[in-house]
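Visitor: model-v9.csv is the file, holding CSV, C-alpha atoms:
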chain,number,residue,atom,x,y,z
T,1,MET,CA,12.6,-2.7,-5.7
T,2,LEU,CA,16.4,-3.4,-5.8
T,3,THR,CA,17.3,-6.7,-7.4
T,4,ASN,CA,20.3,-8.9,-6.3
T,5,ASP,CA,22.5,-7.2,-8.8
T,6,LEU,CA,21.4,-3.8,-7.3
T,7,LYS,CA,19.3,-2.8,-10.3
T,8,LEU,CA,16.4,-0.5,-9.2
T,9,LEU,CA,13.1,-1.7,-10.7
T,10,SER,CA,9.7,-0.1,-10.6
T,11,LEU,CA,6.7,-2.0,-9.3
T,12,MET,CA,5.4,-1.6,-12.9
T,13,ASP,CA,8.2,-3.9,-14.1
T,14,SER,CA,7.0,-7.5,-13.9
T,15,LEU,CA,10.6,-8.5,-13.0
T,16,SER,CA,10.1,-6.8,-9.7
T,17,LEU,CA,7.5,-9.3,-8.6
T,18,PRO,CA,6.8,-11.2,-6.5
T,19,LEU,CA,8.5,-9.1,-3.8
T,20,LYS,CA,10.4,-11.6,-1.7
T,21,LEU,CA,11.8,-12.0,1.7
T,22,GLY,CA,14.9,-9.8,2.0
T,23,ASP,CA,14.3,-7.7,-1.1
T,24,LEU,CA,15.0,-4.0,-0.7
T,25,PHE,CA,12.3,-1.6,-1.8
T,26,ARG,CA,11.5,2.1,-1.6
T,27,ILE,CA,8.1,3.9,-1.3
T,28,GLU,CA,7.5,7.0,-3.4
T,29,ALA,CA,4.1,8.6,-3.1
T,30,SER,CA,2.9,12.0,-4.4
T,31,VAL,CA,-0.2,14.2,-4.7
T,32,ASP,CA,-0.9,17.2,-6.9
T,33,LYS,CA,-1.7,19.6,-4.1
T,34,PRO,CA,-0.1,19.7,-0.6
T,35,ALA,CA,-1.9,17.4,1.7
T,36,TYR,CA,-1.5,15.5,5.0
T,37,ILE,CA,-0.4,12.1,3.8
T,38,TYR,CA,-0.8,8.8,5.8
T,39,LEU,CA,0.6,5.5,4.6
T,40,PHE,CA,-0.4,2.0,5.8
T,41,TRP,CA,0.9,-1.4,4.8
T,42,ILE,CA,-1.6,-4.2,4.7
T,43,ASP,CA,0.1,-7.6,4.5
T,44,ALA,CA,-1.3,-10.8,3.0
T,45,ASN,CA,-2.8,-11.8,6.4
T,46,GLY,CA,-4.9,-8.7,6.4
T,47,ARG,CA,-2.8,-7.0,9.1
T,48,ALA,CA,-2.2,-3.3,8.8
T,49,ASP,CA,0.7,-1.3,10.0
T,50,PRO,CA,1.3,2.5,9.8
T,51,MET,CA,4.3,3.5,7.6
T,52,TYR,CA,4.1,7.3,7.5
T,53,PRO,CA,4.1,9.7,9.4
T,54,TRP,CA,4.3,7.0,12.1
T,55,ASP,CA,6.2,3.8,11.7
T,56,ASP,CA,4.7,2.0,14.7
T,57,TRP,CA,1.2,1.8,16.2
T,58,ASP,CA,2.7,2.9,19.6
T,59,LYS,CA,3.6,6.3,18.0
T,60,VAL,CA,0.2,6.9,16.4
T,61,GLY,CA,-1.5,9.9,17.9
T,62,THR,CA,1.7,11.3,19.5
T,63,ALA,CA,2.4,14.9,18.9
T,64,MET,CA,4.2,15.4,15.6
T,65,ASP,CA,5.1,18.4,13.5
T,66,GLU,CA,3.0,17.5,10.6
T,67,LYS,CA,2.7,19.7,7.5
T,68,PRO,CA,1.1,19.3,4.1
T,69,VAL,CA,3.4,17.8,1.5
T,70,THR,CA,3.2,16.8,-2.1
T,71,ARG,CA,5.8,13.9,-2.0
T,72,ILE,CA,6.9,11.2,0.4
T,73,SER,CA,10.0,9.1,0.0
T,74,LEU,CA,10.7,6.2,2.3
T,75,PRO,CA,13.4,5.9,3.4
T,76,GLU,CA,14.2,9.6,3.1
T,77,ASN,CA,17.7,8.9,2.0
T,78,PRO,CA,17.4,7.9,-1.7
T,79,GLY,CA,20.4,5.6,-1.5
T,80,GLN,CA,18.7,3.4,1.1
T,81,GLY,CA,15.9,0.8,1.0
T,82,LEU,CA,13.5,-0.9,3.3
T,83,LYS,CA,13.9,-4.7,3.8
T,84,PHE,CA,10.9,-6.7,2.9
T,85,LYS,CA,9.6,-9.1,5.6
T,86,PRO,CA,6.4,-10.7,4.2
T,87,ALA,CA,3.8,-12.3,6.5
T,88,ALA,CA,2.8,-14.8,3.9
T,89,THR,CA,2.8,-15.5,0.2
T,90,GLY,CA,-0.1,-13.6,-1.2
T,91,LEU,CA,-1.1,-10.0,-2.0
T,92,ASP,CA,0.3,-7.1,0.1
T,93,THR,CA,-1.2,-3.6,-0.2
T,94,LEU,CA,0.2,-0.2,0.3
T,95,LEU,CA,-2.6,2.3,1.2
T,96,MET,CA,-2.3,6.1,1.1
T,97,LEU,CA,-4.8,8.5,2.6
T,98,ALA,CA,-4.5,12.2,1.7
T,99,ARG,CA,-6.3,14.8,3.7
T,100,GLN,CA,-6.7,18.6,3.9
T,101,GLU,CA,-6.5,18.5,7.8
T,102,PRO,CA,-4.3,16.4,10.0
T,103,LEU,CA,-5.8,13.1,11.1
T,104,LYS,CA,-7.0,13.3,14.7
T,105,ALA,CA,-7.9,9.6,15.3
T,106,SER,CA,-6.3,7.6,18.1
T,107,ALA,CA,-4.3,4.4,17.5
T,108,ASP,CA,-7.2,2.3,18.9
T,109,GLU,CA,-9.7,4.0,16.5
T,110,MET,CA,-7.4,3.5,13.5
T,111,ARG,CA,-6.8,-0.1,14.4
T,112,LEU,CA,-10.5,-0.7,14.2
T,113,TRP,CA,-10.5,0.7,10.6
T,114,PHE,CA,-8.3,-2.3,9.7
T,115,ALA,CA,-9.5,-4.9,12.1
T,116,ASP,CA,-10.4,-8.3,10.6
T,117,LEU,CA,-9.6,-7.6,7.0
T,118,THR,CA,-9.9,-10.5,4.7
T,119,PRO,CA,-6.5,-12.2,4.2
T,120,LEU,CA,-5.1,-12.1,0.7
T,121,HIS,CA,-3.4,-15.4,0.5
T,122,PRO,CA,-2.5,-17.9,-0.7
T,123,LEU,CA,-1.4,-16.4,-4.0
T,124,PRO,CA,-3.4,-18.1,-6.9
T,125,ALA,CA,-1.3,-19.9,-9.4
T,126,GLY,CA,0.0,-17.6,-12.1
T,127,TRP,CA,-0.3,-14.5,-10.0
T,128,ASP,CA,3.4,-14.1,-9.1
T,129,THR,CA,3.6,-10.8,-11.1
T,130,TYR,CA,0.1,-9.5,-10.2
T,131,ARG,CA,-0.2,-5.8,-9.3
T,132,ALA,CA,-3.1,-3.4,-9.4
T,133,TRP,CA,-3.5,0.3,-8.6
T,134,PHE,CA,-6.6,1.8,-7.1
T,135,ASP,CA,-7.9,5.4,-6.9
T,136,ASN,CA,-10.5,6.0,-4.2
T,137,PHE,CA,-11.1,2.2,-3.9
T,138,HIS,CA,-11.7,1.7,-7.6
T,139,LEU,CA,-9.4,-0.1,-10.0
T,140,ARG,CA,-7.4,2.5,-12.0
T,141,LYS,CA,-8.2,2.6,-15.7
T,142,GLY,CA,-7.1,4.8,-18.5
T,143,ASP,CA,-3.5,4.8,-17.3
T,144,ASN,CA,-1.3,2.9,-19.7
T,145,LEU,CA,1.4,2.3,-17.1
T,146,ARG,CA,-0.8,1.2,-14.2
T,147,ALA,CA,-4.1,-0.1,-15.7
T,148,PRO,CA,-4.6,-3.8,-15.5
T,149,LYS,CA,-3.8,-5.9,-18.6
T,150,PHE,CA,-7.2,-7.6,-18.3
T,151,GLU,CA,-10.7,-6.8,-17.1
T,152,GLN,CA,-11.0,-7.5,-13.4
T,153,GLU,CA,-14.5,-6.4,-12.3
T,154,GLY,CA,-16.9,-9.1,-11.2
T,155,LEU,CA,-14.3,-11.9,-10.8
T,156,GLY,CA,-14.2,-11.8,-7.0
T,157,LEU,CA,-10.5,-11.1,-7.0
T,158,PRO,CA,-9.0,-10.6,-3.6
T,159,SER,CA,-7.6,-7.1,-4.2
T,160,LEU,CA,-11.1,-5.9,-5.3
T,161,ARG,CA,-12.7,-7.5,-2.2
T,162,LEU,CA,-10.1,-5.7,0.0
T,163,GLN,CA,-10.9,-2.4,-1.6
T,164,GLY,CA,-14.6,-2.9,-1.0
T,165,GLU,CA,-13.9,-3.6,2.7
T,166,LEU,CA,-11.6,-0.5,2.9
T,167,ARG,CA,-14.2,1.7,1.1
T,168,GLU,CA,-16.8,0.8,3.8
T,169,ARG,CA,-14.4,1.6,6.7
T,170,LEU,CA,-12.5,4.6,5.3
T,171,LYS,CA,-14.9,6.3,2.9
T,172,ASP,CA,-15.1,9.5,5.1
T,173,LYS,CA,-11.5,9.5,6.4
T,174,ALA,CA,-9.7,11.1,3.5
T,175,ALA,CA,-10.4,13.3,0.4
T,176,MET,CA,-8.2,11.0,-1.7
T,177,VAL,CA,-7.3,7.4,-1.2
T,178,ARG,CA,-4.8,5.5,-3.4
T,179,ALA,CA,-3.6,1.9,-3.1
T,180,VAL,CA,-1.5,-0.7,-4.9
T,181,SER,CA,-1.8,-4.4,-4.3
T,182,PHE,CA,1.0,-6.7,-5.4
T,183,ALA,CA,2.3,-10.2,-5.3
T,184,ALA,CA,4.5,-11.0,-2.3
T,185,ALA,CA,6.4,-14.2,-1.4
T,186,ASP,CA,7.6,-15.4,2.0
T,187,LYS,CA,10.3,-17.6,0.4
Can you present the structure in this file as structure tokens?
Guide:
Amino acid sequence: MLTNDLKLLSLMDSLSLPLKLGDLFRIEASVDKPAYIYLFWIDANGRADPMYPWDDWDKVGTAMDEKPVTRISLPENPGQGLKFKPAATGLDTLLMLARQEPLKASADEMRLWFADLTPLHPLPAGWDTYRAWFDNFHLRKGDNLRAPKFEQEGLGLPSLRLQGELRERLKDKAAMVRAVSFAAADK
């Protein structure tokens, strides 16, 4: 994320959160082995939108020259950012699917994967710097940079509920799934 004084901050930096209306941000995603990568943004209202390789539902399923990659940068130009337009104050989630073969699902089929997800708002008090990373729908642990600072299992936290919903819908759609949920503010 870029701050008002144009300082680039990582999502791991608590000063980057909550991500607010108009903030500029970049998406950097990587995998160890070349794969077909698909990125989806799930906003605090539970609405999902494609981010890569398509940037709009109307483009999903159109012929593309897809190839396996190890890294994605959005936007491609490292000197640019995307402008944040939150749907609500709550938790937004960036979801990455990595596959060995190109995804052959239609836009209608993919929309069903994300239909009626539980909204992740309002943001509970004190959660303005919340962020959590997930590997294959499970909270990441053993990573000093991305592990949560407190134990989260069994507390009914919204990001864990969302991962449970996604696991049921996407469990056979990708060899690897990664996600990050983070605080977002619409003001």
Visitor: With distances taken over all atoms listed in the file, which of T:Arg131, T:Arg169, T:Arg140, T:Lys83 is nearest to Ser181 (chain T)?
Guide: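 Among the listed residues, the smallest separation from Ser181 (chain T) belongs to T:Arg131.
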Visitor: Name the residues in contact with Phe84 (chain T) at a cut-off of 7 Å, using only C-alpha atoms, excluding same-chain residues fewer than 5 positions from it; report them as a list in words.
Guide: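 What passes the distance filter is Lys20, Leu21, Gly22, Asp23 and Leu24 of chain T.
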Visitor: For the atom pair CA of Glu109 (chain T) and CA of Gln163 (chain T), what is the interatomic distance in Å to one decimal place?
Guide: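 Computing it gives 19.2 Å between the two atoms.
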Visitor: Using all atoms listed in the file, which residue out of T:Leu19, T:Leu112, T:Ala88, T:Ala183 lies closest to Asp128 (chain T)?
Guide: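 The closest residue to Asp128 (chain T) is T:Ala183.
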Visitor: Quick one: residues within 9 Å of His138 (chain T), all atoms listed in the file counted, chain neighbours fewer than 4 positions away excluded, as a VMD selection string?
Guide: chain T and resid 133 to 134 160 163 to 164 178
Visitor: What does the distance from CA of Arg26 (chain T) to CA of Ala115 (chain T) come to in Å, to one decimal?
Guide: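 Calculated distance between CA of Arg26 (chain T) and CA of Ala115 (chain T) is 26.0 Å.
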Visitor: Pick the closest to Gln100 (chain T) from T:Trp113, T:Phe137, T:Tyr36, T:Tyr52: which is it, counting all atoms listed in the file?
Guide: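 Looking only at the distances to Gln100 (chain T), the closest residue turns out to be T:Tyr36.
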Visitor: Excluding Asp55 (chain T) and residues on its chain fewer than 5 positions from it, collect all residues at most 10 Å away from it, counting all atoms listed in the file, and give them as a PyMOL selection string.
Guide: chain T and resi 39-40+49-50+60
Visitor: Write a file of the just-selected residues containing C-alpha atoms, as a compact mmCIF listing (two decimals), keeping the file's coordinate frame.
Guide:
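Below is the file result-v7.txt, written as the result:
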# COMPACT_ATOMS: atom_id res chain seq x y z
CA LEU T 39 0.60 5.50 4.60
CA PHE T 40 -0.40 2.00 5.80
CA ASP T 49 0.70 -1.30 10.00
CA PRO T 50 1.30 2.50 9.80
CA VAL T 60 0.20 6.90 16.40
Visitor: In terms of the shortest atom-to-atom distance over all atoms listed in the file, which of T:Pro102, T:Gly126, T:Pro53, T:Pro68 is closest to Pro34 (chain T)?
Guide: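 Counting all atoms listed in the file, the residue closest to Pro34 (chain T) is T:Pro68.
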Visitor: Tell me, as a list in words, which residues lie within 9 Å of Thr118 (chain T), counting only C-alpha atoms; anything in the same chain fewer than 3 positions away does not count.
Guide: Ala44, Asn45, Gly46, Pro158, Arg161, Leu162 and Glu165 of chain T
Visitor: Can you measure CA of Gly81 (chain T) to CA of Leu139 (chain T) for me? One decimal in Å is fine.
Guide: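 These atoms are spaced 27.6 Å apart.
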Visitor: I need the residue nearest Leu97 (chain T) from this list: T:Trp57, T:Tyr38, T:Tyr130, T:Phe25. Use only C-alpha atoms for the distance.
Guide: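 Of T:Trp57, T:Tyr38, T:Tyr130, T:Phe25, the one nearest Leu97 (chain T) is T:Tyr38, counting only C-alpha atoms.
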Visitor: Which one of T:Lys67, T:Lys173, T:Arg111, T:Lys33 sits closest to Met96 (chain T) if you count all atoms listed in the file?
Guide: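 The shortest atom-to-atom distance to Met96 (chain T) comes from T:Lys173.
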Visitor: So that I can see what lies close to Met176 (chain T), please list as a PyMOL selection string the residues with an atom at most 8 Å from it, counting only C-alpha atoms and leaving out residues fewer than 2 positions away in the same chain.
Guide: chain T and resi 97-99+135-136+174+178
Visitor: Please write the residues from the selection above to a file, keeping C-alpha atoms, as an mmCIF file, in the frame of the given file.
Guide:
data_model
loop_
_atom_site.group_PDB
_atom_site.id
_atom_site.type_symbol
_atom_site.label_atom_id
_atom_site.label_comp_id
_atom_site.auth_asym_id
_atom_site.auth_seq_id
_atom_site.Cartn_x
_atom_site.Cartn_y
_atom_site.Cartn_z
ATOM 1 C CA LEU T 97 -4.800 8.500 2.600
ATOM 2 C CA ALA T 98 -4.500 12.200 1.700
ATOM 3 C CA ARG T 99 -6.300 14.800 3.700
ATOM 4 C CA ASP T 135 -7.900 5.400 -6.900
ATOM 5 C CA ASN T 136 -10.500 6.000 -4.200
ATOM 6 C CA ALA T 174 -9.700 11.100 3.500
ATOM 7 C CA ARG T 178 -4.800 5.500 -3.400
#
